[in-house]
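Chemist: Below is one structure. I have some questions about it.
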Amino acid sequence: MAALMSLSQLSSGSPVYESYYRQVDPRSTGRVGATEAALFLKKSGLSDSTLGKIWELADPDGKGYLDRQVLSITFSCA
């Protein structure tokens with residue numbers, strides 16, 4: 001049985017996700033707003049309904065932004 005990965009293991013170390021993150025957060029603010037994230041994630045080809053569900057899971061508290069770790073995990077879902 002495969003070992004479960006921690007959130008930090010899941011969200012770190014991927015050069016692809018780091019590249020995506022730099023595209024979405026070019027000023028390195030550490031936060032990506034809903035509009036910026038949505039515009040980028042729509043490139044995945046997933047439906048707006050599916051992307052909305054992913055956002056609900058990624059931002060359950062309704063903060064309106066994602067940090068680097070959560071956005072990297074979101075990339076793996078999209």
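Ordering of the structure tokens sets the chain letters (A, B, ...); residue numbers start at 1 within each chain; ligands are numbered from 1 in the order shown.
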Excluding same-chain residues fewer than 5 positions from A:Leu71, what lies within 10 Å of it counting only C-alpha atoms, as a list of chain:residue names?
Modeler: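 Those residues are A:Ser11, A:Tyr17, A:Tyr20, A:Tyr21, A:Val24, A:Arg31, A:Val32, A:Ala37, A:Trp55, A:Ala58, A:Asp59, A:Tyr65, A:Leu66, A:Ser76, A:Cys77.
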Chemist: So which residues touch A:Ile54 within 8 Å, counting only C-alpha atoms, skipping near sequence neighbours fewer than 3 positions away, as an MDAnalysis selection string?
Modeler: chainID A and resid 50:51 57:58 74 77:78
Chemist: Please measure the separation of atom CA of A:Phe40 and atom CA of A:Gly52, giving the value in Å to one decimal.
Modeler: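 Those two atoms sit 13.1 Å apart.
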Chemist: Just list the residues in chain A DSSP gives strand (DSSP E) on the backbone, as a VMD selection string.
Modeler: chain A and resid 31 to 33 65 to 67
Chemist: Could you tell me, as a ChimeraX atom specification, which residues of chain A DSSP assigns to helix (DSSP H, G or I) when given the backbone?
Modeler: /A:7-11,15-24,34-44,48-58,68-77
Chemist: Go through A:Arg22, A:Ser14, A:Gly64, A:Ser47 and flag the residue nearest A:Thr35, using only C-alpha atoms for the distances.
Modeler: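 Among the listed residues, A:Gly64 lies closest to A:Thr35.
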